[in-house]
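A.B. asks: To be precise about what I am sending: the file is called data_25.cif and holds mmCIF, N, CA, C and O atoms.
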data_work
#
loop_
_atom_site.label_atom_id
_atom_site.label_comp_id
_atom_site.auth_asym_id
_atom_site.auth_seq_id
_atom_site.Cartn_x
_atom_site.Cartn_y
_atom_site.Cartn_z
N MET C 1 235.63 207.81 43.00
CA MET C 1 237.05 208.02 43.24
C MET C 1 237.81 206.98 42.43
O MET C 1 237.51 205.80 42.49
N ASN C 2 238.80 207.42 41.68
CA ASN C 2 239.64 206.49 40.94
C ASN C 2 240.97 206.30 41.68
O ASN C 2 241.19 206.87 42.74
N LYS C 3 241.86 205.50 41.09
CA LYS C 3 243.12 205.16 41.77
C LYS C 3 243.98 206.39 42.02
O LYS C 3 244.57 206.53 43.10
N THR C 4 244.05 207.30 41.05
CA THR C 4 244.85 208.51 41.22
C THR C 4 244.33 209.36 42.37
O THR C 4 245.10 209.87 43.19
N GLN C 5 243.02 209.51 42.44
CA GLN C 5 242.42 210.28 43.52
C GLN C 5 242.64 209.59 44.86
O GLN C 5 242.85 210.26 45.88
N LEU C 6 242.58 208.27 44.88
CA LEU C 6 242.83 207.53 46.11
C LEU C 6 244.26 207.73 46.58
O LEU C 6 244.51 207.97 47.78
N VAL C 7 245.22 207.67 45.66
CA VAL C 7 246.62 207.89 46.02
C VAL C 7 246.81 209.29 46.60
O VAL C 7 247.49 209.47 47.62
N GLU C 8 246.20 210.29 45.97
CA GLU C 8 246.30 211.67 46.47
C GLU C 8 245.71 211.79 47.87
O GLU C 8 246.31 212.42 48.76
N ALA C 9 244.55 211.18 48.10
CA ALA C 9 243.90 211.24 49.42
C ALA C 9 244.73 210.52 50.47
O ALA C 9 244.88 211.00 51.60
N MET C 10 245.31 209.37 50.11
CA MET C 10 246.14 208.62 51.05
C MET C 10 247.39 209.41 51.41
O MET C 10 247.78 209.47 52.58
N ALA C 11 248.01 210.03 50.41
CA ALA C 11 249.22 210.81 50.64
C ALA C 11 248.94 211.98 51.58
O ALA C 11 249.69 212.24 52.53
N GLN C 12 247.85 212.66 51.33
CA GLN C 12 247.50 213.82 52.17
C GLN C 12 247.16 213.37 53.59
O GLN C 12 247.62 213.97 54.56
N ASP C 13 246.38 212.30 53.72
CA ASP C 13 245.96 211.83 55.04
C ASP C 13 247.14 211.33 55.86
O ASP C 13 247.21 211.56 57.07
N ALA C 14 248.08 210.63 55.22
CA ALA C 14 249.22 210.04 55.93
C ALA C 14 250.41 210.98 56.03
O ALA C 14 251.38 210.67 56.71
N GLY C 15 250.34 212.11 55.32
CA GLY C 15 251.46 213.05 55.36
C GLY C 15 252.70 212.51 54.65
O GLY C 15 253.82 212.74 55.10
N ILE C 16 252.48 211.79 53.55
CA ILE C 16 253.59 211.25 52.77
C ILE C 16 253.45 211.74 51.33
O ILE C 16 252.45 212.36 50.97
N THR C 17 254.46 211.46 50.51
CA THR C 17 254.40 211.89 49.12
C THR C 17 253.45 210.98 48.33
O THR C 17 253.15 209.85 48.74
N LYS C 18 253.03 211.49 47.18
CA LYS C 18 252.17 210.68 46.31
C LYS C 18 252.90 209.44 45.83
O LYS C 18 252.29 208.37 45.69
N THR C 19 254.18 209.55 45.59
CA THR C 19 254.98 208.41 45.14
C THR C 19 254.99 207.31 46.19
O THR C 19 254.82 206.12 45.87
N GLU C 20 255.19 207.70 47.44
CA GLU C 20 255.18 206.72 48.54
C GLU C 20 253.79 206.09 48.68
O GLU C 20 253.67 204.87 48.87
N ALA C 21 252.75 206.92 48.60
CA ALA C 21 251.38 206.40 48.72
C ALA C 21 251.06 205.43 47.59
O ALA C 21 250.41 204.40 47.81
N LYS C 22 251.53 205.74 46.38
CA LYS C 22 251.29 204.86 45.24
C LYS C 22 252.00 203.52 45.45
O LYS C 22 251.43 202.46 45.15
N LYS C 23 253.22 203.54 45.98
CA LYS C 23 253.95 202.30 46.26
C LYS C 23 253.20 201.46 47.29
O LYS C 23 253.10 200.23 47.15
N VAL C 24 252.70 202.11 48.32
CA VAL C 24 251.97 201.40 49.38
C VAL C 24 250.69 200.78 48.81
O VAL C 24 250.39 199.61 49.08
N LEU C 25 249.94 201.55 48.04
CA LEU C 25 248.71 201.03 47.46
C LEU C 25 248.99 199.88 46.52
O LEU C 25 248.31 198.85 46.58
N ASN C 26 249.98 200.02 45.64
CA ASN C 26 250.33 198.94 44.71
C ASN C 26 250.77 197.69 45.45
O ASN C 26 250.43 196.57 45.05
N SER C 27 251.51 197.86 46.54
CA SER C 27 251.94 196.73 47.35
C SER C 27 250.73 196.03 47.99
O SER C 27 250.64 194.80 47.99
N PHE C 28 249.80 196.81 48.52
CA PHE C 28 248.59 196.25 49.11
C PHE C 28 247.81 195.45 48.06
O PHE C 28 247.38 194.32 48.32
N LEU C 29 247.65 196.00 46.88
CA LEU C 29 246.92 195.31 45.83
C LEU C 29 247.62 194.02 45.42
O LEU C 29 246.98 192.98 45.22
N LYS C 30 248.95 194.05 45.32
CA LYS C 30 249.73 192.88 44.93
C LYS C 30 249.62 191.77 45.98
O LYS C 30 249.36 190.62 45.65
N VAL C 31 249.81 192.13 47.24
CA VAL C 31 249.75 191.14 48.32
C VAL C 31 248.35 190.56 48.45
O VAL C 31 248.18 189.36 48.65
N THR C 32 247.34 191.40 48.32
CA THR C 32 245.95 190.94 48.39
C THR C 32 245.65 189.96 47.26
O THR C 32 245.06 188.90 47.47
N THR C 33 246.08 190.31 46.05
CA THR C 33 245.87 189.44 44.89
C THR C 33 246.57 188.10 45.08
O THR C 33 245.98 187.05 44.80
N GLN C 34 247.79 188.12 45.57
CA GLN C 34 248.53 186.87 45.80
C GLN C 34 247.84 186.01 46.84
O GLN C 34 247.71 184.79 46.67
N ALA C 35 247.38 186.62 47.91
CA ALA C 35 246.72 185.86 48.98
C ALA C 35 245.43 185.23 48.46
O ALA C 35 245.17 184.04 48.70
N LEU C 36 244.63 185.99 47.75
CA LEU C 36 243.37 185.46 47.25
C LEU C 36 243.58 184.39 46.18
O LEU C 36 242.82 183.43 46.10
N SER C 37 244.61 184.55 45.37
CA SER C 37 244.87 183.54 44.33
C SER C 37 245.32 182.22 44.94
O SER C 37 245.15 181.17 44.33
N LYS C 38 245.87 182.25 46.15
CA LYS C 38 246.25 181.02 46.87
C LYS C 38 245.07 180.41 47.62
O LYS C 38 245.18 179.34 48.20
N GLY C 39 243.94 181.14 47.67
CA GLY C 39 242.77 180.63 48.39
C GLY C 39 242.68 181.15 49.81
O GLY C 39 241.80 180.75 50.56
N ASP C 40 243.62 182.01 50.21
CA ASP C 40 243.58 182.59 51.55
C ASP C 40 242.50 183.66 51.61
O ASP C 40 242.01 184.14 50.59
N LYS C 41 242.12 184.05 52.83
CA LYS C 41 241.21 185.18 52.97
C LYS C 41 241.96 186.32 53.65
O LYS C 41 242.94 186.09 54.36
N LEU C 42 241.51 187.52 53.38
CA LEU C 42 242.14 188.71 53.95
C LEU C 42 241.10 189.44 54.78
O LEU C 42 240.07 189.86 54.27
N THR C 43 241.36 189.56 56.07
CA THR C 43 240.43 190.22 56.98
C THR C 43 241.05 191.50 57.51
O THR C 43 242.15 191.48 58.07
N LEU C 44 240.36 192.60 57.30
CA LEU C 44 240.74 193.90 57.85
C LEU C 44 239.65 194.25 58.86
O LEU C 44 238.55 194.66 58.47
N VAL C 45 239.94 194.04 60.13
CA VAL C 45 238.95 194.18 61.19
C VAL C 45 238.30 195.56 61.11
O VAL C 45 238.97 196.59 61.04
N GLY C 46 236.98 195.56 61.08
CA GLY C 46 236.21 196.79 61.01
C GLY C 46 235.93 197.24 59.59
O GLY C 46 234.94 197.89 59.31
N PHE C 47 236.81 196.87 58.65
CA PHE C 47 236.62 197.27 57.25
C PHE C 47 235.90 196.18 56.46
O PHE C 47 234.90 196.45 55.80
N GLY C 48 236.41 194.94 56.53
CA GLY C 48 235.76 193.86 55.82
C GLY C 48 236.68 192.70 55.54
O GLY C 48 237.86 192.72 55.90
N THR C 49 236.12 191.69 54.87
CA THR C 49 236.86 190.48 54.56
C THR C 49 236.74 190.15 53.07
O THR C 49 235.65 190.13 52.53
N PHE C 50 237.90 189.92 52.45
CA PHE C 50 237.96 189.48 51.07
C PHE C 50 238.18 187.97 51.09
O PHE C 50 239.06 187.48 51.81
N THR C 51 237.41 187.22 50.31
CA THR C 51 237.60 185.78 50.21
C THR C 51 237.53 185.35 48.75
O THR C 51 236.83 185.96 47.95
N ALA C 52 238.28 184.30 48.44
CA ALA C 52 238.20 183.69 47.12
C ALA C 52 237.05 182.69 47.14
O ALA C 52 236.88 181.97 48.12
N ALA C 53 236.25 182.68 46.08
CA ALA C 53 235.10 181.79 46.03
C ALA C 53 235.10 181.04 44.71
O ALA C 53 235.33 181.63 43.66
N ASP C 54 234.85 179.74 44.79
CA ASP C 54 234.72 178.93 43.58
C ASP C 54 233.26 178.95 43.14
O ASP C 54 232.36 178.71 43.94
N LYS C 55 233.05 179.26 41.88
CA LYS C 55 231.71 179.20 41.31
C LYS C 55 231.66 177.98 40.40
O LYS C 55 232.41 177.90 39.43
N PRO C 56 230.78 177.03 40.70
CA PRO C 56 230.73 175.81 39.89
C PRO C 56 230.15 176.09 38.50
O PRO C 56 229.48 177.10 38.28
N ALA C 57 230.40 175.15 37.58
CA ALA C 57 229.80 175.25 36.25
C ALA C 57 228.28 175.16 36.40
O ALA C 57 227.77 174.52 37.32
N ARG C 58 227.59 175.82 35.48
CA ARG C 58 226.13 175.80 35.56
C ARG C 58 225.53 176.01 34.18
O ARG C 58 226.21 176.44 33.25
N ALA C 59 224.26 175.70 34.08
CA ALA C 59 223.54 175.91 32.83
C ALA C 59 223.02 177.34 32.80
O ALA C 59 222.66 177.91 33.83
N GLY C 60 222.99 177.92 31.63
CA GLY C 60 222.47 179.27 31.46
C GLY C 60 221.77 179.38 30.13
O GLY C 60 221.58 178.39 29.42
N ARG C 61 221.36 180.59 29.78
CA ARG C 61 220.69 180.82 28.51
C ARG C 61 221.33 182.01 27.81
O ARG C 61 221.66 183.00 28.44
N ASN C 62 221.47 181.89 26.51
CA ASN C 62 221.93 183.01 25.70
C ASN C 62 220.80 184.03 25.68
O ASN C 62 219.69 183.73 25.22
N PRO C 63 221.02 185.25 26.19
CA PRO C 63 219.92 186.21 26.27
C PRO C 63 219.40 186.66 24.90
O PRO C 63 218.24 187.05 24.78
N ARG C 64 220.23 186.56 23.89
CA ARG C 64 219.80 187.00 22.55
C ARG C 64 218.92 185.96 21.86
O ARG C 64 217.90 186.29 21.25
N THR C 65 219.34 184.69 21.97
CA THR C 65 218.62 183.63 21.24
C THR C 65 217.76 182.75 22.13
O THR C 65 216.87 182.06 21.64
N GLY C 66 218.05 182.75 23.43
CA GLY C 66 217.31 181.88 24.34
C GLY C 66 217.83 180.46 24.37
O GLY C 66 217.31 179.61 25.09
N ASP C 67 218.85 180.16 23.56
CA ASP C 67 219.42 178.81 23.52
C ASP C 67 220.14 178.50 24.82
O ASP C 67 220.80 179.36 25.40
N PRO C 68 220.05 177.26 25.31
CA PRO C 68 220.79 176.88 26.52
C PRO C 68 222.30 176.86 26.24
O PRO C 68 222.73 176.48 25.16
N ILE C 69 223.07 177.29 27.22
CA ILE C 69 224.53 177.27 27.12
C ILE C 69 225.10 176.76 28.43
O ILE C 69 224.42 176.77 29.47
N GLN C 70 226.34 176.31 28.39
CA GLN C 70 227.04 175.86 29.59
C GLN C 70 227.99 176.97 30.03
O GLN C 70 228.83 177.41 29.25
N ILE C 71 227.86 177.43 31.26
CA ILE C 71 228.75 178.45 31.81
C ILE C 71 229.83 177.73 32.60
O ILE C 71 229.53 176.94 33.50
N ASP C 72 231.08 177.98 32.24
CA ASP C 72 232.21 177.29 32.87
C ASP C 72 232.37 177.67 34.33
O ASP C 72 231.97 178.77 34.75
N ALA C 73 233.00 176.77 35.09
CA ALA C 73 233.35 177.06 36.49
C ALA C 73 234.42 178.14 36.50
O ALA C 73 235.21 178.26 35.56
N LYS C 74 234.43 178.94 37.54
CA LYS C 74 235.45 179.98 37.66
C LYS C 74 235.66 180.36 39.11
O LYS C 74 234.84 180.05 39.97
N ASN C 75 236.76 181.04 39.35
CA ASN C 75 237.05 181.58 40.67
C ASN C 75 236.60 183.03 40.70
O ASN C 75 236.69 183.73 39.69
N SER C 76 236.14 183.48 41.84
CA SER C 76 235.67 184.84 41.98
C SER C 76 236.13 185.38 43.33
O SER C 76 236.70 184.65 44.14
N VAL C 77 235.88 186.64 43.56
CA VAL C 77 236.24 187.27 44.84
C VAL C 77 234.97 187.82 45.48
O VAL C 77 234.14 188.44 44.82
N LYS C 78 234.83 187.56 46.76
CA LYS C 78 233.71 188.11 47.52
C LYS C 78 234.25 189.08 48.56
O LYS C 78 235.35 188.91 49.08
N PHE C 79 233.44 190.08 48.87
CA PHE C 79 233.80 191.05 49.91
C PHE C 79 232.62 191.18 50.86
O PHE C 79 231.49 191.42 50.43
N LYS C 80 232.89 190.98 52.13
CA LYS C 80 231.87 191.17 53.16
C LYS C 80 232.30 192.36 54.00
O LYS C 80 233.32 192.31 54.69
N PRO C 81 231.53 193.45 53.96
CA PRO C 81 231.94 194.65 54.71
C PRO C 81 231.86 194.42 56.22
O PRO C 81 231.00 193.68 56.71
N GLY C 82 232.76 195.09 56.94
CA GLY C 82 232.77 195.04 58.40
C GLY C 82 231.81 196.06 58.98
O GLY C 82 231.30 196.94 58.29
N MET C 83 231.58 195.96 60.27
CA MET C 83 230.60 196.82 60.93
C MET C 83 231.00 198.30 60.89
O MET C 83 230.14 199.15 60.69
N ASP C 84 232.27 198.60 61.07
CA ASP C 84 232.71 200.02 61.02
C ASP C 84 232.40 200.63 59.66
O ASP C 84 231.93 201.76 59.57
N LEU C 85 232.68 199.88 58.59
CA LEU C 85 232.41 200.38 57.24
C LEU C 85 230.91 200.53 57.02
O LEU C 85 230.46 201.54 56.48
N LEU C 86 230.14 199.56 57.45
CA LEU C 86 228.69 199.64 57.29
C LEU C 86 228.12 200.83 58.05
O LEU C 86 227.26 201.56 57.52
N ASP C 87 228.59 201.04 59.26
CA ASP C 87 228.10 202.16 60.05
C ASP C 87 228.47 203.51 59.42
O ASP C 87 227.67 204.43 59.41
N ALA C 88 229.67 203.61 58.86
CA ALA C 88 230.11 204.85 58.22
C ALA C 88 229.28 205.16 56.97
O ALA C 88 228.98 206.32 56.70
N VAL C 89 228.92 204.13 56.24
CA VAL C 89 228.15 204.33 55.00
C VAL C 89 226.69 204.66 55.31
O VAL C 89 226.07 205.42 54.56
N LYS C 90 226.16 204.16 56.39
CA LYS C 90 224.77 204.42 56.77
C LYS C 90 224.49 205.87 57.05
O LYS C 90 223.40 206.36 56.86
N LYS C 91 225.50 206.58 57.56
CA LYS C 91 225.30 207.95 58.00
C LYS C 91 225.09 208.89 56.88
O LYS C 91 225.37 209.00 55.85
#
For the structure just supplied, provide its representation as structure tokens.

C.D. replies:
Amino acid sequence: MNKTQLVEAMAQDAGITKTEAKKVLNSFLKVTTQALSKGDKLTLVGFGTFTAADKPARAGRNPRTGDPIQIDAKNSVKFKPGMDLLDAVKK
């Protein structure tokens, strides 16, 4: 499912227009991004938790040459699914 299909499904499920559903989805994505960029976590009970995670710098290898390289530290996002989502996917 891509973003367009998600907007269509949300609009149909909520009984709203696609334009309204797109605004809601874009707002959710914006607010989630802002929260995670500040280091906050976002918990949707039953669905899951998004958290910002710091990945420290580490040593690695160039897969083509085998030479050692330094991989820079970076921020990443983790998602831990909630029980309702896990149960729905199991079926």

A.B. asks: Give me the residues within 12 Å of C:Gln5 as number ranges by chain, counting only C-alpha atoms and dropping any in the same chain fewer than 5 places off.

C.D. replies: C: 10-12, 18, 21-22, 25

A.B. asks: Neighbourhood query: residues within 8 Å of (237.1, 194.5, 51.2), file coordinates, counting all atoms listed in the file; return as a list in words.

C.D. replies: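 Those within range, by chain then number, are Leu42, Thr43, Leu44, Phe47, Gly48, Thr49, Phe50, Thr51, Lys78, Phe79, Lys80, Pro81 and Gly82 of chain C.
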
A.B. asks: How far is it from atom C of C:Val45 to atom C of C:Leu86, in Å with one decimal?

C.D. replies: 11.9 Å

A.B. asks: So that I can check the secondary structure, give me every residue of chain C assigned strand (DSSP E or B) by backbone DSSP, as a PyMOL selection string.

C.D. replies: chain C and resi 42-44+48-55+58-61+68-71+74-81

A.B. asks: If the PyMOL selection byres ((chain C and resi 55) around 5) were run on this exact file, what residues would it hold? Put them as a list in words.

C.D. replies: Ala53, Asp54, Pro56, Ala57, Asp72, Ala73, Lys74 and Asn75 of chain C

A.B. asks: May I ask for the distance between atom N of C:Lys41 and atom O of C:Leu29, given in Å to one decimal place?

C.D. replies: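 Answer for the atom N of C:Lys41 to atom O of C:Leu29 separation: 12.7 Å.
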
A.B. asks: Tell me which of C:Ile16, C:Gln70, C:Asn2, C:Val77 sits closest to C:Leu36, counting only C-alpha atoms.

C.D. replies: C:Val77

A.B. asks: Could you check how far atom N of C:Val7 sits from atom O of C:Asn26, in Å to one decimal?

C.D. replies: 12.3 Å
